file run.txt (compact mmCIF, C-alpha atoms)
# COMPACT_ATOMS: atom_id res chain seq x y z
CA MET A 1 -155.49 -70.45 49.70
CA GLN A 2 -154.38 -71.06 53.29
CA GLN A 3 -155.57 -68.64 55.95
CA LYS A 4 -152.07 -67.57 56.96
CA ALA A 5 -151.09 -66.99 53.36
CA ILE A 6 -154.06 -64.76 52.62
CA LEU A 7 -153.43 -62.71 55.77
CA GLN A 8 -149.80 -62.32 54.77
CA LEU A 9 -150.86 -61.27 51.31
CA VAL A 10 -153.14 -58.59 52.76
CA ARG A 11 -150.06 -57.04 54.32
CA GLN A 12 -147.61 -57.59 51.47
CA ASN A 13 -149.73 -57.06 48.38
CA ARG A 14 -153.13 -55.77 49.35
CA GLU A 15 -154.41 -55.31 45.81
CA LEU A 16 -153.84 -58.98 45.02
CA ALA A 17 -155.35 -60.03 48.35
CA PHE A 18 -158.45 -57.89 47.78
CA ARG A 19 -158.84 -59.35 44.29
CA GLN A 20 -158.82 -62.88 45.69
CA LEU A 21 -161.25 -61.96 48.45
CA TYR A 22 -163.66 -60.44 45.93
CA LEU A 23 -163.68 -63.70 44.02
CA SER A 24 -163.98 -65.96 47.04
CA CYS A 25 -166.18 -63.99 49.47
CA TYR A 26 -168.15 -61.24 47.74
CA PRO A 27 -171.06 -63.41 46.50
CA LYS A 28 -171.59 -64.91 49.97
CA VAL A 29 -171.60 -61.50 51.61
CA ALA A 30 -173.93 -60.11 48.92
CA ARG A 31 -176.35 -63.01 49.49
CA MET A 32 -176.31 -62.38 53.24
CA ILE A 33 -177.00 -58.65 52.80
CA GLN A 34 -179.84 -59.43 50.39
CA GLN A 35 -181.37 -61.82 52.93
CA MET A 36 -181.15 -59.09 55.55
CA GLY A 37 -183.07 -56.65 53.37
CA GLY A 38 -180.23 -54.79 51.68
CA GLN A 39 -179.81 -53.71 48.09
CA GLN A 40 -176.90 -54.33 45.73
CA ALA A 41 -175.36 -50.93 46.51
CA ASP A 42 -175.48 -51.78 50.23
CA ALA A 43 -173.68 -55.08 49.63
CA GLN A 44 -171.06 -53.28 47.60
CA ASP A 45 -170.49 -50.66 50.27
CA VAL A 46 -170.51 -53.10 53.18
CA PHE A 47 -168.08 -55.48 51.47
CA GLN A 48 -165.65 -52.63 50.77
CA ASP A 49 -165.82 -51.55 54.40
CA SER A 50 -165.36 -55.12 55.63
CA LEU A 51 -162.13 -55.31 53.65
CA ILE A 52 -160.99 -52.09 55.35
CA VAL A 53 -161.68 -53.56 58.80
CA LEU A 54 -159.83 -56.75 57.86
CA TYR A 55 -156.90 -54.74 56.52
CA GLU A 56 -156.65 -52.68 59.71
CA LYS A 57 -156.67 -55.82 61.88
CA VAL A 58 -153.91 -57.35 59.79
CA VAL A 59 -151.59 -54.33 59.78
CA GLN A 60 -152.12 -53.86 63.51
CA GLY A 61 -151.16 -57.51 64.03
CA LYS A 62 -154.55 -58.33 65.60
CA THR A 63 -155.11 -61.50 63.65
CA THR A 64 -155.46 -64.00 66.49
CA GLN A 65 -159.24 -63.63 66.38
CA ILE A 66 -159.28 -64.47 62.64
CA GLU A 67 -159.56 -68.23 62.24
CA GLN A 68 -161.20 -68.26 58.83
CA VAL A 69 -160.89 -65.14 56.70
CA GLU A 70 -164.12 -65.95 54.90
CA SER A 71 -166.27 -66.28 58.02
CA TYR A 72 -164.48 -63.34 59.64
CA LEU A 73 -165.35 -61.13 56.66
CA GLN A 74 -168.95 -62.32 56.80
CA GLY A 75 -169.13 -61.52 60.51
CA ILE A 76 -167.74 -58.03 59.94
CA ALA A 77 -170.11 -57.45 57.02
CA ARG A 78 -173.07 -58.55 59.12
CA HIS A 79 -172.06 -56.22 61.91
CA LEU A 80 -171.47 -53.27 59.58
CA TRP A 81 -174.80 -53.84 57.88
CA LEU A 82 -176.61 -53.88 61.23
CA GLN A 83 -174.73 -50.72 62.23
CA LYS A 84 -175.77 -49.02 58.98
CA SER A 85 -179.33 -50.23 59.31
CA ARG A 86 -179.49 -48.87 62.81
CA GLN A 87 -178.25 -45.50 61.55
CA GLN A 88 -180.93 -45.62 58.88
CA GLN A 89 -183.40 -46.78 61.57
CA ARG A 90 -184.15 -50.03 59.86
CA MET A 91 -183.15 -52.16 62.84
CA PRO A 92 -183.69 -51.98 66.61
CA LEU A 93 -180.65 -51.21 68.74
CA ASP A 94 -180.54 -54.60 70.48
CA SER A 95 -179.91 -56.50 67.26
CA LEU A 96 -176.42 -55.04 67.09
CA GLU A 97 -173.91 -57.70 68.03
CA GLU A 98 -170.56 -57.08 69.65
CA VAL A 99 -167.97 -57.39 66.88
CA ALA A 100 -164.66 -55.57 66.86
CA VAL A 101 -165.44 -52.70 64.51
CA PRO A 102 -164.19 -49.21 65.38
CA ALA A 103 -166.98 -47.06 66.81
CA ASP A 104 -166.13 -44.17 64.50
CA PHE A 105 -166.05 -46.40 61.44
CA TYR A 106 -168.76 -44.42 59.70
CA PRO A 107 -167.78 -40.77 59.95
CA THR A 108 -170.34 -38.27 58.81
CA GLU A 109 -170.48 -36.95 55.26
CA LYS A 110 -169.08 -33.68 56.55
CA ILE A 111 -165.91 -35.42 57.72
CA GLN A 112 -165.46 -37.17 54.41
CA LEU A 113 -165.81 -33.94 52.48
CA ARG A 114 -163.64 -31.65 54.56
CA LEU A 115 -160.87 -33.94 55.69
CA SER A 116 -158.39 -33.69 52.86
CA ARG A 117 -158.80 -29.95 52.41
CA TYR A 118 -158.00 -29.64 56.08
CA LEU A 119 -154.84 -31.71 55.97
CA GLU A 120 -153.46 -30.90 52.54
CA LYS A 121 -151.59 -27.94 54.01
CA ALA A 122 -148.95 -30.32 55.32
CA GLY A 123 -147.98 -31.24 51.75
CA LYS A 124 -148.50 -34.42 49.78
CA LYS A 125 -145.21 -36.11 50.60
CA CYS A 126 -145.63 -35.47 54.32
CA MET A 127 -149.15 -36.84 54.28
CA ALA A 128 -148.06 -39.93 52.34
CA LEU A 129 -145.25 -40.55 54.81
CA LEU A 130 -147.54 -40.17 57.82
CA GLN A 131 -150.14 -42.43 56.24
CA ALA A 132 -147.49 -45.06 55.54
CA PHE A 133 -146.38 -45.07 59.15
CA TYR A 134 -149.56 -44.49 61.13
CA TYR A 135 -152.25 -46.06 58.95
CA HIS A 136 -150.46 -48.73 56.94
CA GLN A 137 -148.07 -49.41 59.85
CA GLN A 138 -145.03 -49.72 57.59
CA SER A 139 -141.69 -49.91 59.30
CA LEU A 140 -139.33 -46.94 59.20
CA SER A 141 -136.85 -48.90 57.12
CA GLU A 142 -139.58 -49.63 54.53
CA ILE A 143 -140.49 -45.95 54.62
CA ALA A 144 -136.86 -44.88 54.19
CA THR A 145 -136.59 -47.02 51.04
CA GLN A 146 -139.97 -46.01 49.66
CA PHE A 147 -139.50 -42.28 50.20
CA GLY A 148 -135.79 -42.14 49.33
CA TYR A 149 -134.26 -41.36 52.73
CA SER A 150 -130.71 -42.51 53.28
CA ASN A 151 -131.51 -44.35 56.51
CA THR A 152 -134.17 -44.97 59.14
CA ARG A 153 -132.87 -42.12 61.27
CA SER A 154 -133.61 -39.60 58.48
CA ALA A 155 -137.03 -41.16 57.97
CA THR A 156 -137.74 -40.90 61.71
CA VAL A 157 -136.74 -37.23 61.84
CA GLN A 158 -138.84 -36.48 58.76
CA LYS A 159 -141.81 -38.34 60.20
CA PHE A 160 -141.75 -36.23 63.37
CA LYS A 161 -141.29 -33.01 61.39
CA CYS A 162 -144.33 -33.90 59.28
CA LEU A 163 -146.33 -34.84 62.35
CA GLN A 164 -145.33 -31.54 63.90
CA LYS A 165 -146.54 -29.69 60.79
CA VAL A 166 -149.94 -31.38 60.79
CA ARG A 167 -150.28 -30.96 64.53
CA GLU A 168 -149.77 -27.21 64.17
CA VAL A 169 -152.53 -27.07 61.54
CA VAL A 170 -154.82 -29.03 63.85
CA LYS A 171 -153.92 -26.73 66.72
CA THR A 172 -154.57 -23.51 64.85
CA LYS A 173 -157.81 -24.89 63.46
CA ALA A 174 -159.15 -26.49 66.62
CA ASN A 175 -162.65 -25.20 65.91
CA ALA A 176 -162.57 -26.62 62.43
CA TYR A 177 -161.57 -30.01 63.86
CA GLU A 178 -164.57 -29.98 66.14
CA THR A 179 -166.84 -29.16 63.21
CA ILE A 180 -165.31 -32.00 61.26
CA VAL A 181 -165.23 -34.70 63.86
CA GLU A 182 -167.88 -34.05 66.47
CA MET B 1 -136.93 -26.70 64.99
CA LYS B 2 -135.25 -29.67 66.64
CA LEU B 3 -136.84 -28.71 69.93
CA LEU B 4 -140.24 -28.79 68.28
CA TRP B 5 -140.00 -32.24 66.75
CA ASN B 6 -138.42 -33.56 69.93
CA ASN B 7 -141.50 -32.36 71.74
CA THR B 8 -143.67 -34.15 69.17
CA ARG B 9 -141.64 -37.33 69.67
CA ARG B 10 -141.91 -37.10 73.43
CA ILE B 11 -145.68 -36.66 73.26
CA GLU B 12 -145.96 -39.65 70.94
CA ARG B 13 -144.00 -41.78 73.36
CA PHE B 14 -146.15 -40.48 76.22
CA LEU B 15 -149.40 -41.31 74.41
CA ARG B 16 -148.11 -44.77 73.51
CA LYS B 17 -146.90 -45.28 77.08
CA GLN B 18 -143.34 -45.84 75.87
CA LEU B 19 -141.63 -43.50 78.33
CA SER B 20 -139.97 -44.70 81.51
CA LEU B 21 -142.29 -44.81 84.51
CA LYS B 22 -140.70 -41.65 85.87
CA SER B 23 -140.98 -39.69 82.61
CA GLN B 24 -144.51 -40.98 82.08
CA ALA B 25 -145.49 -39.63 85.48
CA LEU B 26 -143.75 -36.31 84.78
CA SER B 27 -145.62 -35.93 81.49
CA ALA B 28 -148.92 -36.77 83.16
CA GLN B 29 -148.21 -34.12 85.76
CA GLN B 30 -147.22 -31.59 83.09
CA LEU B 31 -150.51 -32.30 81.35
CA GLN B 32 -152.32 -31.03 84.44
CA THR B 33 -150.17 -27.99 85.09
CA ASP B 34 -149.00 -26.75 81.68
CA PRO B 35 -151.84 -25.59 79.39
CA ALA B 36 -149.53 -25.23 76.37
CA TYR B 37 -148.39 -28.83 76.76
CA ALA B 38 -151.99 -29.99 77.20
CA THR B 39 -152.94 -28.21 73.97
CA ASP B 40 -150.09 -29.95 72.13
CA VAL B 41 -151.10 -33.36 73.48
CA LEU B 42 -154.72 -32.84 72.46
CA ALA B 43 -153.73 -31.62 68.99
CA GLN B 44 -151.47 -34.63 68.52
CA GLN B 45 -154.24 -37.07 69.54
CA ARG B 46 -156.55 -35.36 67.08
CA THR B 47 -153.90 -35.60 64.38
CA TYR B 48 -153.69 -39.38 64.81
CA HIS B 49 -157.46 -39.60 64.58
CA LEU B 50 -157.56 -37.54 61.39
CA LEU B 51 -154.81 -39.69 59.87
CA THR B 52 -156.90 -42.81 60.52
CA LEU B 53 -159.99 -41.28 58.94
CA LEU B 54 -158.02 -40.14 55.93
CA GLY B 55 -156.31 -43.53 55.63
CA ARG B 56 -159.69 -45.27 55.57
CA ARG B 57 -161.01 -42.95 52.93
CA GLN B 58 -158.01 -43.50 50.68
CA LEU B 59 -158.13 -47.26 51.18
CA LYS B 60 -161.80 -47.28 50.28
CA ARG B 61 -161.00 -45.58 46.98
CA GLU B 62 -158.31 -48.19 46.33
CA ILE B 63 -160.78 -51.01 47.03
CA GLN B 64 -163.40 -49.47 44.76
CA GLU B 65 -160.84 -49.45 41.98
CA VAL B 66 -159.97 -53.11 42.65
CA GLU B 67 -163.68 -53.96 42.55
CA ARG B 68 -164.13 -52.18 39.24
CA LYS B 69 -161.24 -54.14 37.72
CA VAL B 70 -162.32 -57.51 39.16
CA LEU B 71 -165.89 -57.15 37.89
CA GLN B 72 -164.60 -56.09 34.50
CA GLU B 73 -162.26 -59.09 34.30
CA HIS B 74 -164.85 -61.55 35.67
CA PRO B 75 -168.22 -60.76 34.09
CA THR B 76 -169.70 -63.95 35.56
CA LEU B 77 -169.07 -62.59 39.06
CA GLU B 78 -170.91 -59.40 38.19
CA GLN B 79 -173.80 -61.45 36.78
CA GLU B 80 -173.89 -63.59 39.91
CA ILE B 81 -174.12 -60.51 42.14
CA THR B 82 -176.79 -58.89 39.99
CA ALA B 83 -178.80 -62.14 40.00
CA ILE B 84 -178.80 -62.21 43.83
CA PHE B 85 -180.68 -58.90 43.92
CA ARG B 86 -183.04 -59.56 41.01

call {"tool": "encode", "arguments": {"input": "run.txt", "output": "structure tokens"}}
result
Amino acid sequence: MQQKAILQLVRQNRELAFRQLYLSCYPKVARMIQQMGGQQADAQDVFQDSLIVLYEKVVQGKTTQIEQVESYLQGIARHLWLQKSRQQQRMPLDSLEEVAVPADFYPTEKIQLRLSRYLEKAGKKCMALLQAFYYHQQSLSEIATQFGYSNTRSATVQKFKCLQKVREVVKTKANAYETIVE
Amino acid sequence: MKLLWNNTRRIERFLRKQLSLKSQALSAQQLQTDPAYATDVLAQQRTYHLLTLLGRRQLKREIQEVERKVLQEHPTLEQEITAIFR
């Protein structure tokens, strides 16, 4: 499949894109992780996270640095594995290359466990709407259709009301946020 | 209520540098002089961060489910992966 087509597919039908990437790239990444001292579970984890990084680049429109999806995924996987190894003190610091992976990509266990409990107060529909806009970078017209709003204006108003709701929770639980994130 | 979500919208535009130069400067000044506004801005930045973390977690679950299906549908792929680590 052509590079442009696969990147488009990541945005339009991510499940199908991920399926194709598993078939075309997973064995190569697994082999690389094995050669760098990792186990099967590490390869599994790192490949999943590499797909997340790829997805975020695509939805943010930062695809100019992706010439070949396959080698890009391998580069990300290599970087993530080195980052993990460093955290597990398997690798020296200077072996970590500069690849565009978010610094907070591996939040602590505590964050993972407490996050949804913390945000669920805003309600499921609100959270889904906010995720669609801020994480999946869907347009407001897509969101209006998906969530059943009559137009983009209604979707915009709802989005800000939801954001307001979550912000108030974050504000009243500032200490909890610090426990979660820092 | 409208006042509240308007404030949220204004802070979003401020954080994304989408306000006019004049309004951007006014907001920056307000950040220094108005503690309530500063608290709102900080809470909103934190909210965006939490949404990213939550988005990643949900996407990871989605990918794990895709992986489960792919390996089930393509047993040779699963064998190939297992063989690499044997």

call {"tool": "interface_residues", "arguments": {"input": "run.txt", "of": "chain A", "to": "chain B", "cutoff": "7 Å", "atoms": "only C-alpha atoms", "output": "mmCIF file with C-alpha atoms, keeping the file's coordinate frame"}}
result
data_model
loop_
_atom_site.group_PDB
_atom_site.id
_atom_site.type_symbol
_atom_site.label_atom_id
_atom_site.label_comp_id
_atom_site.auth_asym_id
_atom_site.auth_seq_id
_atom_site.Cartn_x
_atom_site.Cartn_y
_atom_site.Cartn_z
ATOM 1 C CA GLU A 15 -154.410 -55.310 45.810
ATOM 2 C CA ARG A 19 -158.840 -59.350 44.290
ATOM 3 C CA PRO A 27 -171.060 -63.410 46.500
ATOM 4 C CA ALA A 30 -173.930 -60.110 48.920
ATOM 5 C CA ARG A 31 -176.350 -63.010 49.490
ATOM 6 C CA GLN A 34 -179.840 -59.430 50.390
ATOM 7 C CA GLN A 39 -179.810 -53.710 48.090
ATOM 8 C CA GLN A 40 -176.900 -54.330 45.730
ATOM 9 C CA GLN A 48 -165.650 -52.630 50.770
ATOM 10 C CA ILE A 52 -160.990 -52.090 55.350
ATOM 11 C CA LEU A 115 -160.870 -33.940 55.690
ATOM 12 C CA GLN A 131 -150.140 -42.430 56.240
ATOM 13 C CA TYR A 135 -152.250 -46.060 58.950
ATOM 14 C CA PHE A 160 -141.750 -36.230 63.370
ATOM 15 C CA LYS A 161 -141.290 -33.010 61.390
ATOM 16 C CA GLN A 164 -145.330 -31.540 63.900
ATOM 17 C CA VAL A 166 -149.940 -31.380 60.790
ATOM 18 C CA ARG A 167 -150.280 -30.960 64.530
ATOM 19 C CA VAL A 170 -154.820 -29.030 63.850
ATOM 20 C CA LYS A 171 -153.920 -26.730 66.720
#

call {"tool": "residues_around", "arguments": {"input": "run.txt", "residues": "Val29 (chain A)", "least_positions_apart": "6", "cutoff": "8 Å", "atoms": "all atoms listed in the file", "output": "list in words"}}
result
Ala43, Phe47, Gln74 and Ala77 of chain A

call {"tool": "atom_distance", "arguments": {"input": "run.txt", "atom1": "CA of Phe18 (chain A)", "atom2": "CA of Glu56 (chain A)"}}
result
13.1 Å

call {"tool": "atom_distance", "arguments": {"input": "run.txt", "atom1": "CA of Gln3 (chain A)", "atom2": "CA of Gly75 (chain A)"}}
result
16.0 Å

call {"tool": "closest_residue", "arguments": {"input": "run.txt", "among": "B:Gln79, B:Leu15, B:Glu73, B:Arg68", "to": "Ala38 (chain B)", "atoms": "only C-alpha atoms"}}
result
B:Leu15

call {"tool": "residues_near_point", "arguments": {"input": "run.txt", "point": "(-159.2, -62.0, 57.7)", "cutoff": "10 Å", "atoms": "all atoms listed in the file", "output": "ChimeraX atom specification"}}
result
/A:3-4,6-8,10,21,50-51,53-58,62-74,76

call {"tool": "atom_distance", "arguments": {"input": "run.txt", "atom1": "CA of Tyr26 (chain A)", "atom2": "CA of Gln44 (chain A)"}}
result
8.5 Å

call {"tool": "decode", "arguments": {"input": "run.txt", "residues": "region 25-70 of chain A", "atoms": "C-alpha atoms", "output": "compact mmCIF listing (two decimals), in the first residue's frame"}}
result
# COMPACT_ATOMS: atom_id res chain seq x y z
CA CYS A 25 5.46 -4.25 10.40
CA TYR A 26 4.98 -6.20 13.63
CA PRO A 27 7.42 -9.06 12.85
CA LYS A 28 10.20 -6.61 11.92
CA VAL A 29 9.70 -4.61 15.10
CA ALA A 30 9.54 -7.80 17.20
CA ARG A 31 12.82 -9.00 15.66
CA MET A 32 14.47 -5.66 16.42
CA ILE A 33 13.29 -5.71 20.06
CA GLN A 34 14.52 -9.29 20.44
CA GLN A 35 17.94 -8.28 19.08
CA MET A 36 18.04 -5.45 21.60
CA GLY A 37 17.42 -7.82 24.50
CA GLY A 38 13.65 -7.55 24.85
CA GLN A 39 11.06 -10.22 25.44
CA GLN A 40 7.87 -10.94 23.50
CA ALA A 41 5.76 -8.92 25.95
CA ASP A 42 8.10 -5.95 25.45
CA ALA A 43 7.72 -6.17 21.66
CA GLN A 44 3.97 -6.32 22.04
CA ASP A 45 3.88 -3.29 24.31
CA VAL A 46 6.35 -1.24 22.28
CA PHE A 47 4.57 -1.95 19.00
CA GLN A 48 1.23 -0.86 20.48
CA ASP A 49 2.80 2.36 21.74
CA SER A 50 4.49 3.00 18.39
CA LEU A 51 1.09 2.84 16.72
CA ILE A 52 -0.17 5.42 19.23
CA VAL A 53 2.71 7.77 18.39
CA LEU A 54 2.08 7.30 14.67
CA TYR A 55 -1.64 7.94 15.15
CA GLU A 56 -1.00 11.16 17.08
CA LYS A 57 1.37 12.45 14.38
CA VAL A 58 -1.20 11.73 11.70
CA VAL A 59 -4.17 13.38 13.42
CA GLN A 60 -2.02 16.40 14.29
CA GLY A 61 -1.04 16.66 10.62
CA LYS A 62 2.67 16.21 11.42
CA THR A 63 3.35 13.71 8.69
CA THR A 64 6.06 15.52 6.75
CA GLN A 65 8.74 13.66 8.70
CA ILE A 66 7.17 10.29 7.75
CA GLU A 67 8.67 9.14 4.46
CA GLN A 68 8.17 5.42 4.95
CA VAL A 69 5.61 4.31 7.50
CA GLU A 70 7.46 1.05 8.05
